[in-house]
>>> print(open('upload_6.txt').read())   # compact mmCIF, C-alpha atoms and all ligand atoms
# COMPACT_ATOMS: atom_id res chain seq x y z
CA MET A 993 -1.75 18.73 -16.18
CA SER A 994 -3.00 16.55 -13.32
CA ILE A 995 -3.55 12.82 -13.69
CA TYR A 996 -7.30 13.53 -13.53
CA GLN A 997 -7.15 16.08 -16.39
CA LYS A 998 -5.23 13.50 -18.43
CA LYS A 999 -8.19 11.19 -17.69
CA LEU A 1000 -5.94 8.45 -16.36
CA TYR A 1001 -8.14 8.21 -13.30
CA ASN A 1002 -11.56 9.36 -12.20
CA PRO A 1003 -11.42 12.35 -9.87
CA PRO A 1004 -11.53 11.46 -6.15
CA PHE A 1005 -14.98 10.48 -4.87
CA SER A 1006 -16.48 10.20 -8.34
CA HIS A 1007 -18.49 7.27 -6.93
CA ILE A 1008 -20.23 7.21 -3.56
CA TYR A 1009 -21.43 3.80 -2.43
CA CYS A 1010 -24.04 3.73 0.31
CA GLU A 1011 -25.60 0.77 2.09
CA LYS A 1012 -29.33 0.66 1.32
CA GLU A 1013 -30.20 0.19 4.98
CA ILE A 1014 -28.84 3.59 5.96
CA TYR A 1015 -29.34 5.57 2.75
CA ASP A 1016 -32.29 7.53 4.18
CA THR A 1017 -30.63 8.36 7.49
CA LYS A 1018 -29.81 11.96 8.31
CA LYS A 1019 -26.09 11.31 8.63
CA ALA A 1020 -25.80 9.46 5.30
CA GLN A 1021 -27.76 12.20 3.55
CA GLN A 1022 -25.58 14.91 5.09
CA ILE A 1023 -22.53 13.23 3.59
CA ILE A 1024 -24.10 12.47 0.21
CA LYS A 1025 -25.22 16.11 -0.22
CA LYS A 1026 -21.58 17.16 -0.23
CA PHE A 1027 -20.97 15.24 -3.46
CA LYS A 1028 -23.26 16.87 -6.01
CA ASN A 1029 -21.32 15.59 -9.04
CA SER A 1030 -20.72 12.06 -7.87
CA ARG A 1031 -22.54 8.93 -8.89
CA ILE A 1032 -24.44 7.45 -5.94
CA ILE A 1033 -24.66 3.69 -5.94
CA LEU A 1034 -26.73 1.72 -3.43
CA ILE A 1035 -25.19 -1.48 -2.09
CA GLU A 1036 -26.16 -4.22 0.35
CA HIS A 1037 -22.99 -4.33 2.42
CA TYR A 1038 -19.84 -2.24 2.38
CA LYS A 1039 -17.65 -5.33 2.06
CA ASP A 1040 -19.26 -6.07 -1.33
CA ILE A 1041 -17.21 -3.11 -2.60
CA PHE A 1042 -14.44 -2.80 -0.05
CA CYS A 1043 -13.39 -6.46 -0.17
CA ARG A 1044 -13.91 -7.10 -3.88
CA LYS A 1045 -11.43 -9.50 -5.44
CA ARG A 1046 -8.71 -8.34 -7.83
CA GLN A 1047 -8.51 -4.78 -6.47
CA ASN A 1048 -5.23 -2.92 -6.34
CA SER A 1049 -5.44 -0.64 -3.35
CA PHE A 1050 -2.24 1.15 -4.41
CA ILE A 1051 -3.66 2.18 -7.79
CA GLN A 1052 -7.00 3.01 -6.11
CA LYS A 1053 -5.19 5.60 -4.01
CA ASN A 1054 -5.10 7.79 -7.15
CA SER A 1055 -8.85 7.85 -7.28
CA GLN A 1056 -10.42 7.03 -3.95
CA ASN A 1057 -14.13 6.50 -3.66
CA LEU A 1058 -16.35 6.72 -0.63
CA ILE A 1059 -18.40 4.00 1.02
CA ILE A 1060 -21.05 4.94 3.59
CA ALA A 1061 -21.94 2.07 5.87
CA LYS A 1062 -23.19 0.80 9.20
CA ASN A 1063 -20.56 -1.00 11.24
CA LYS A 1064 -22.09 -4.23 12.46
CA GLY A 1065 -18.77 -5.81 13.38
CA CYS A 1066 -16.49 -5.17 16.31
CA LEU A 1067 -16.61 -1.52 17.31
CA ILE A 1068 -14.02 -1.22 20.09
CA TYR A 1069 -10.67 -3.04 20.09
CA LYS A 1070 -8.04 -3.56 22.76
CA GLY A 1071 -4.99 -1.37 21.98
CA ALA A 1072 -2.47 -2.97 19.64
CA PRO A 1073 0.92 -3.97 21.11
CA VAL A 1074 2.84 -1.82 18.55
CA CYS A 1075 1.03 1.29 19.80
CA GLN A 1076 1.97 3.63 22.59
CA ASP A 1077 -0.51 3.43 25.52
CA PHE A 1078 0.73 6.58 27.34
CA GLY A 1079 0.57 4.78 30.66
CA ASN A 1080 -3.13 3.97 30.30
CA SER A 1081 -3.92 0.38 31.21
CA ASP A 1082 -7.45 0.49 29.76
CA PHE A 1083 -6.22 1.32 26.28
CA TYR A 1084 -8.60 0.75 23.38
CA TYR A 1085 -8.99 1.99 19.86
CA THR A 1086 -11.93 2.36 17.58
CA THR A 1087 -12.57 3.51 14.11
CA THR A 1088 -15.61 5.24 12.70
CA ALA A 1089 -13.75 5.50 9.39
CA ILE A 1090 -11.34 3.30 7.47
CA ASN A 1091 -8.52 4.65 5.30
CA CYS A 1092 -7.14 8.07 4.74
CA ILE A 1093 -7.01 10.88 2.19
CA TYR A 1094 -3.25 11.20 2.76
CA ASP A 1095 -0.74 8.81 1.28
CA CYS A 1096 2.12 8.11 3.66
CA GLU A 1097 4.45 5.48 2.20
CA TYR A 1098 4.89 3.89 5.61
CA CYS A 1099 1.17 3.73 6.47
CA PHE A 1100 0.18 0.32 7.86
CA LEU A 1101 -3.33 0.68 6.41
CA GLN A 1102 -1.95 -0.21 2.96
CA GLY A 1103 -0.97 -3.61 4.29
CA MET A 1104 -4.09 -4.11 6.33
CA TYR A 1105 -6.97 -3.48 3.96
CA PRO A 1106 -7.75 -4.77 0.46
CA SER A 1107 -8.97 -1.36 -0.72
CA SER A 1108 -7.98 2.31 -0.43
CA ASN A 1109 -11.54 3.50 -0.67
CA ILE A 1110 -12.68 5.37 2.39
CA VAL A 1111 -15.39 3.83 4.52
CA LEU A 1112 -17.43 6.05 6.83
CA PHE A 1113 -19.49 4.30 9.50
CA THR A 1114 -22.48 6.43 10.38
CA ASN A 1115 -23.91 4.46 13.32
CA PHE A 1116 -22.19 6.49 16.01
CA TYR A 1117 -25.00 5.61 18.45
CA ASP A 1118 -23.81 1.98 18.44
CA TYR A 1119 -20.25 3.02 19.28
CA LYS A 1120 -21.61 5.14 22.14
CA GLU A 1121 -23.74 2.31 23.47
CA ASN A 1122 -20.76 -0.06 23.49
CA ILE A 1123 -18.57 2.43 25.30
CA LEU A 1124 -21.25 3.27 27.87
CA LYS A 1125 -21.46 -0.45 28.72
CA MET A 1126 -17.67 -0.64 29.08
CA LEU A 1127 -17.58 2.50 31.22
CA LYS A 1128 -19.81 0.81 33.79
CA LYS A 1129 -16.81 -1.43 34.60
CA ASN A 1130 -13.72 0.71 33.93
CA SER A 1131 -12.47 4.06 32.77
CA ILE A 1132 -11.32 3.97 29.14
CA TYR A 1133 -8.54 5.54 27.14
CA LEU A 1134 -9.67 5.41 23.53
CA CYS A 1135 -7.84 6.33 20.33
CA VAL A 1136 -10.55 7.33 17.87
CA SER A 1137 -8.46 8.32 14.86
CA PHE A 1138 -6.75 5.02 14.34
CA ASP A 1139 -7.38 3.42 10.96
CA THR A 1140 -7.77 6.86 9.42
CA ASP A 1141 -7.03 10.55 9.97
CA LEU A 1142 -10.38 11.66 11.33
CA LEU A 1143 -9.71 15.41 11.48
CA ALA A 1144 -8.53 15.35 7.85
CA ILE A 1145 -12.06 14.32 6.78
CA GLU A 1146 -13.97 16.34 9.38
CA ASN A 1147 -15.52 18.60 6.73
CA LEU A 1148 -17.32 15.68 5.15
CA PHE A 1149 -17.86 13.41 8.15
CA GLY A 1150 -17.99 15.44 11.36
CA SER A 1151 -16.90 12.50 13.51
CA CYS A 1152 -14.37 14.44 15.64
CA ARG A 1153 -17.19 16.71 16.74
CA GLU A 1154 -19.35 13.71 17.66
CA TRP A 1155 -16.55 12.13 19.70
CA ILE A 1156 -15.72 15.35 21.53
CA GLU A 1157 -19.37 16.06 22.37
CA PHE A 1158 -19.71 12.50 23.70
CA ALA A 1159 -16.47 12.69 25.73
CA LYS A 1160 -17.72 15.89 27.35
CA GLU A 1161 -20.52 13.92 28.98
CA GLU A 1162 -18.36 10.95 30.04
CA LYS A 1163 -15.58 12.01 32.37
CA ASN A 1164 -14.20 8.45 32.68
CA LEU A 1165 -13.62 8.37 28.96
CA LYS A 1166 -10.39 9.89 27.70
CA ILE A 1167 -9.98 10.14 23.95
CA GLU A 1168 -7.09 10.89 21.63
CA ILE A 1169 -7.72 12.34 18.16
CA ARG A 1170 -4.51 12.00 16.16
CA THR A 1171 -3.96 13.88 12.92
CA LYS A 1172 -1.54 15.24 10.36
CA SER A 1173 -4.14 17.71 9.16
CA THR A 1174 -4.46 21.45 9.57
CA ASN A 1175 -8.19 21.35 10.14
CA PHE A 1176 -8.34 22.60 13.72
CA ASN A 1177 -10.56 25.42 12.48
CA LEU A 1178 -13.33 22.84 11.89
CA ILE A 1179 -13.59 22.10 15.62
CA SER A 1180 -12.27 25.37 17.05
CA ASP A 1181 -15.77 26.55 18.01
CA ILE A 1182 -16.13 23.66 20.51
CA THR A 1183 -15.33 24.44 24.14
CA PRO A 1184 -12.12 22.56 25.02
CA CYS A 1185 -12.63 19.38 26.93
CA THR A 1186 -10.11 18.15 29.52
CA ASN A 1187 -10.55 14.48 28.62
CA VAL A 1188 -9.84 15.01 24.93
CA ILE A 1189 -6.29 15.08 23.63
CA LEU A 1190 -5.63 16.51 20.19
CA ALA A 1191 -2.47 14.83 18.91
CA TRP A 1192 -0.44 16.05 15.95
CA THR A 1193 2.12 13.83 14.26
CA LEU A 1194 5.15 15.80 13.09
CA SER A 1195 8.10 14.72 10.96
CA PRO A 1196 11.04 16.70 9.57
CA ASP A 1197 9.69 18.50 6.51
CA ASN A 1198 12.22 16.82 4.16
CA LEU A 1199 10.92 13.43 5.27
CA ARG A 1200 7.34 14.62 5.03
CA GLN A 1201 7.93 15.63 1.42
CA ALA A 1202 9.61 12.34 0.66
CA TYR A 1203 7.22 9.95 2.40
CA GLU A 1204 4.02 11.65 3.58
CA HIS A 1205 2.37 12.48 0.26
CA LYS A 1206 -0.56 14.91 0.25
CA THR A 1207 -0.06 15.88 3.92
CA PRO A 1208 0.07 19.54 5.00
CA CYS A 1209 3.52 21.02 5.64
CA ILE A 1210 4.97 20.98 9.12
CA ASP A 1211 4.87 24.75 9.66
CA LYS A 1212 1.12 24.75 9.06
CA ARG A 1213 0.67 21.87 11.50
CA ILE A 1214 2.68 23.78 14.11
CA GLU A 1215 0.42 26.80 13.48
CA ASN A 1216 -2.59 24.55 14.16
CA ILE A 1217 -1.03 23.26 17.37
CA LYS A 1218 -0.47 26.83 18.55
CA LYS A 1219 -4.09 27.70 17.86
CA ALA A 1220 -5.37 24.60 19.67
CA ILE A 1221 -3.20 25.31 22.72
CA LYS A 1222 -4.25 28.95 22.74
CA SER A 1223 -7.88 27.86 22.74
CA GLY A 1224 -7.24 25.70 25.80
CA TRP A 1225 -6.99 22.18 24.32
CA LYS A 1226 -4.66 19.49 25.59
CA VAL A 1227 -2.16 18.85 22.82
CA ARG A 1228 0.10 15.88 22.28
CA ILE A 1229 2.98 15.92 19.81
CA CYS A 1230 3.87 12.60 18.20
CA LEU A 1231 7.31 12.15 16.71
CA ASP A 1232 6.33 8.71 15.61
CA PRO A 1233 7.44 7.10 13.39
CA LEU A 1234 11.01 8.33 13.68
CA ILE A 1235 12.63 7.66 10.34
CA TYR A 1236 16.29 6.83 9.93
CA THR A 1237 18.31 8.47 7.15
CA ASP A 1238 21.96 9.49 6.95
CA LYS A 1239 20.84 13.06 7.69
CA TYR A 1240 18.54 12.25 10.58
CA LYS A 1241 20.54 14.30 13.09
CA THR A 1242 20.18 17.47 11.03
CA TYR A 1243 16.55 16.80 10.17
CA TYR A 1244 15.36 16.04 13.71
CA THR A 1245 17.44 18.85 15.24
CA GLU A 1246 15.76 21.34 12.89
CA LEU A 1247 12.31 19.90 13.61
CA ILE A 1248 12.71 19.98 17.39
CA GLU A 1249 14.13 23.52 17.33
CA ASN A 1250 11.25 24.59 15.12
CA ILE A 1251 8.66 23.05 17.46
CA PHE A 1252 10.00 24.71 20.61
CA LYS A 1253 10.66 28.01 18.86
CA HIS A 1254 6.93 28.33 18.25
CA ILE A 1255 5.32 26.34 21.06
CA SER A 1256 6.13 26.78 24.70
CA ALA A 1257 7.09 23.47 26.28
CA ASP A 1258 4.96 23.95 29.40
CA LYS A 1259 1.84 24.17 27.23
CA ILE A 1260 2.39 20.74 25.62
CA ASN A 1261 0.55 17.90 27.35
CA ASP A 1262 3.09 15.27 26.33
CA ILE A 1263 5.29 14.04 23.50
CA SER A 1264 5.60 10.53 22.14
CA ILE A 1265 8.58 9.24 20.24
CA GLY A 1266 8.99 5.88 18.56
CA ALA A 1267 11.10 4.49 15.75
CA PHE A 1268 9.37 3.04 12.70
CA ARG A 1269 7.91 -0.42 13.22
CA MET A 1270 5.29 -2.45 11.41
CA SER A 1271 3.78 -5.90 11.38
CA ALA A 1272 5.77 -8.15 9.01
CA GLU A 1273 2.58 -9.26 7.29
CA TYR A 1274 1.63 -5.69 6.34
CA LEU A 1275 5.13 -4.65 5.35
CA LYS A 1276 5.54 -7.60 3.00
CA LYS A 1277 2.33 -6.68 1.20
CA ILE A 1278 3.39 -3.03 0.90
CA ARG A 1279 6.82 -4.05 -0.42
CA ARG A 1280 5.22 -5.93 -3.29
CA ASN A 1281 3.58 -2.71 -4.42
CA ARG A 1282 5.91 0.08 -3.33
CA THR A 1283 9.03 -1.34 -4.94
CA ASP A 1284 10.64 2.10 -5.19
CA SER A 1285 10.00 3.27 -1.63
CA LEU A 1286 13.22 3.75 0.32
CA ILE A 1287 11.55 3.53 3.69
CA ILE A 1288 9.48 0.45 2.93
CA ASN A 1289 12.38 -1.42 1.33
CA TYR A 1290 14.85 -0.63 4.08
CA PRO A 1291 16.51 -3.86 5.37
CA PHE A 1292 14.65 -4.06 8.68
CA GLU A 1293 15.00 -6.81 11.24
CA THR A 1294 12.05 -8.84 12.50
CA THR A 1295 11.21 -9.70 16.07
CA ASN A 1296 8.01 -11.53 16.96
CA GLY A 1297 6.44 -10.68 13.62
CA ILE A 1298 7.33 -6.97 13.76
CA TYR A 1299 9.75 -5.30 11.34
CA HIS A 1300 11.97 -2.63 12.93
CA TYR A 1301 15.39 -1.00 12.56
CA ASN A 1302 18.20 -3.04 14.03
CA THR A 1303 18.61 -2.49 17.75
CA GLU A 1304 21.66 -0.26 17.38
CA ILE A 1305 20.02 2.11 14.88
CA GLU A 1306 16.73 2.10 16.75
CA LYS A 1307 18.49 3.02 19.97
CA GLU A 1308 20.71 5.63 18.31
CA LEU A 1309 17.77 7.32 16.57
CA THR A 1310 15.44 7.26 19.57
CA SER A 1311 18.11 8.39 22.02
CA PHE A 1312 19.19 11.24 19.76
CA VAL A 1313 15.64 12.60 19.56
CA TYR A 1314 14.95 11.95 23.25
CA TYR A 1315 18.03 13.87 24.43
CA LYS A 1316 17.24 16.76 22.10
CA ILE A 1317 13.71 16.98 23.52
CA ILE A 1318 14.64 16.84 27.21
CA LYS A 1319 16.55 20.08 26.72
CA TYR A 1320 13.13 21.70 26.43
CA ILE A 1321 10.56 19.59 28.21
CA ASP A 1322 10.23 17.64 31.42
CA LYS A 1323 11.13 13.94 31.15
CA ASP A 1324 7.79 12.97 32.70
CA LYS A 1325 6.04 14.36 29.64
CA ILE A 1326 7.96 12.18 27.18
CA PHE A 1327 6.68 8.75 26.23
CA VAL A 1328 9.18 6.57 24.44
CA TRP A 1329 8.23 3.52 22.46
CA LYS A 1330 10.27 0.71 24.09
CA GLU A 1331 13.04 1.24 26.59
CA ASN A 1332 15.61 2.59 24.18
CA VAL A 1333 17.09 5.40 26.20
S1 LIG A 1401 -1.90 10.30 7.92
FE1 LIG A 1401 -1.81 8.42 9.13
S2 LIG A 1401 -3.58 7.24 8.43
FE2 LIG A 1401 -3.19 8.80 6.90
S3 LIG A 1401 -1.90 7.85 5.33
FE3 LIG A 1401 -0.56 8.89 6.81
S4 LIG A 1401 -0.03 7.33 8.33
FE4 LIG A 1401 -1.83 6.58 7.20
>>> encode(input="upload_6.txt", output="structure tokens", more="lines below")
Ligand code: SF4
Amino acid sequence: MSIYQKKLYNPPFSHIYCEKEIYDTKKAQQIIKKFKNSRIILIEHYKDIFCRKRQNSFIQKNSQNLIIAKNKGCLIYKGAPVCQDFGNSDFYYTTTAINCIYDCEYCFLQGMYPSSNIVLFTNFYDYKENILKMLKKNSIYLCVSFDTDLLAIENLFGSCREWIEFAKEEKNLKIEIRTKSTNFNLISDITPCTNVILAWTLSPDNLRQAYEHKTPCIDKRIENIKKAIKSGWKVRICLDPLIYTDKYKTYYTELIENIFKHISADKINDISIGAFRMSAEYLKKIRRNRTDSLIINYPFETTNGIYHYNTEIEKELTSFVYYKIIKYIDKDKIFVWKENV
């Protein structure tokens, strides 16, 4: 019997909150129509719900609700220092959604936001306007699936499609859509676009089962990658975060062999690797709530406010994976977080 059948929690999306200002818009209505059995509640501002006091975002994860809003705050951010920029100097990120339907124990979002409810910002036109202004000065590399997994919620939001259609018109805009989902079929009808990179994060399946709750299995993700490549998309593989365990050599060897058994190396755009790291502020908050998580309670070291494995382990783990990968793929296609090799 599931926790919902036992009535411990409401089923996911039992409540849909929508800002009054956008309730009548086409996009908000498209989303609301997908939730025929949910209670729709009109609100003034998404933060009235999202930033309520005395919430427990960890318990909320068992019963996430949806908030439909207009983002009137900052829309485009300079890339964070803990993130890989893939050699792009004009690196930015944006988020048309906050939070994720998956539940990775190591996810920084748990430390960042007061709520696990999912916020969907429907004012895509404002994001476009901002980017068009920026493009007048520089080309832009933009990660659009940053505080969320955008492809995982494509069926209810359709934001990946909007970003891809926009990128098609703006050749100086390069976007990355990163996912752990197996929802390529939802965008497979779109003609591939050379300035869009579809990026799949992969972990050894044992670690996925242990730490990446609710995510699709690795074989299905690899199947999705094959389909995307076959259709002509640029595909990035992200082995990030690398997770240290006493069996990491076996786990990562199996994963890398599995990847290159099914995907030909010359068809992969690039691969990123990076050992686990997280802002100390976020990790401390997560530790207070995930007291039984092995990864979160690992005795990390801190440098400049970032928790990470000690230098020896970080180097050992990263180097091991790096040297396994260069047996298959050109060094120029591998991006390593930090100079560990
Ligand atoms: S898939 Fe990404 S965004 Fe979603 S919970 Fe996992 S780490 Fe967080």
>>> closest_residue(input="upload_6.txt", among="A:Ile1093, A:Leu1199, A:Ile1035, A:Ile1317", to="A:Gln1056", atoms="only C-alpha atoms")
A:Ile1093
>>> closest_atom_pairs(input="upload_6.txt", of="chain A", to="ligand LIG 1401 (chain A)", cutoff="6 Å", atoms="only C-alpha atoms and all ligand atoms", output="Markdown table")
| residue | atom | partner | partner_atom | distance |
| --- | --- | --- | --- | --- |
| A:Cys1092 | CA | A:LIG1401 | FE2 | 4.6 |
| A:Tyr1094 | CA | A:LIG1401 | S3 | 4.4 |
| A:Asp1095 | CA | A:LIG1401 | S3 | 4.3 |
| A:Cys1096 | CA | A:LIG1401 | FE3 | 4.2 |
| A:Cys1099 | CA | A:LIG1401 | FE4 | 4.2 |
| A:Asp1139 | CA | A:LIG1401 | S2 | 6.0 |
| A:Thr1140 | CA | A:LIG1401 | S2 | 4.3 |
| A:Asp1141 | CA | A:LIG1401 | S2 | 5.0 |
| A:Lys1172 | CA | A:LIG1401 | S1 | 5.5 |
>>> residues_around(input="upload_6.txt", residues="A:Tyr1105", least_positions_apart="6", cutoff="10 Å", atoms="all atoms listed in the file", output="list in words")
Phe1042, Cys1043, Ser1049, Ile1090, Asn1091, Asp1139 and Tyr1274 of chain A
>>> closest_residue(input="upload_6.txt", among="A:Leu1234, A:Leu1143, A:Val1313, A:Ile1265", to="A:Asn1216", atoms="all atoms listed in the file")
A:Leu1143
>>> atom_distance(input="upload_6.txt", atom1="atom CA of A:Ile1248", atom2="atom CA of A:Arg1269")
21.4 Å
>>> residues_near_point(input="upload_6.txt", point="(4.4, 24.8, 8.9)", cutoff="12 Å", atoms="all atoms listed in the file", output="ChimeraX atom specification")
/A:1172-1174,1194-1197,1200,1207-1218,1247,1250-1251,1254
>>> residues_around(input="upload_6.txt", residues="A:Lys1028", least_positions_apart="4", cutoff="12 Å", atoms="all atoms listed in the file", output="PyMOL selection string")
chain A and resi 1005-1008+1021-1024+1032
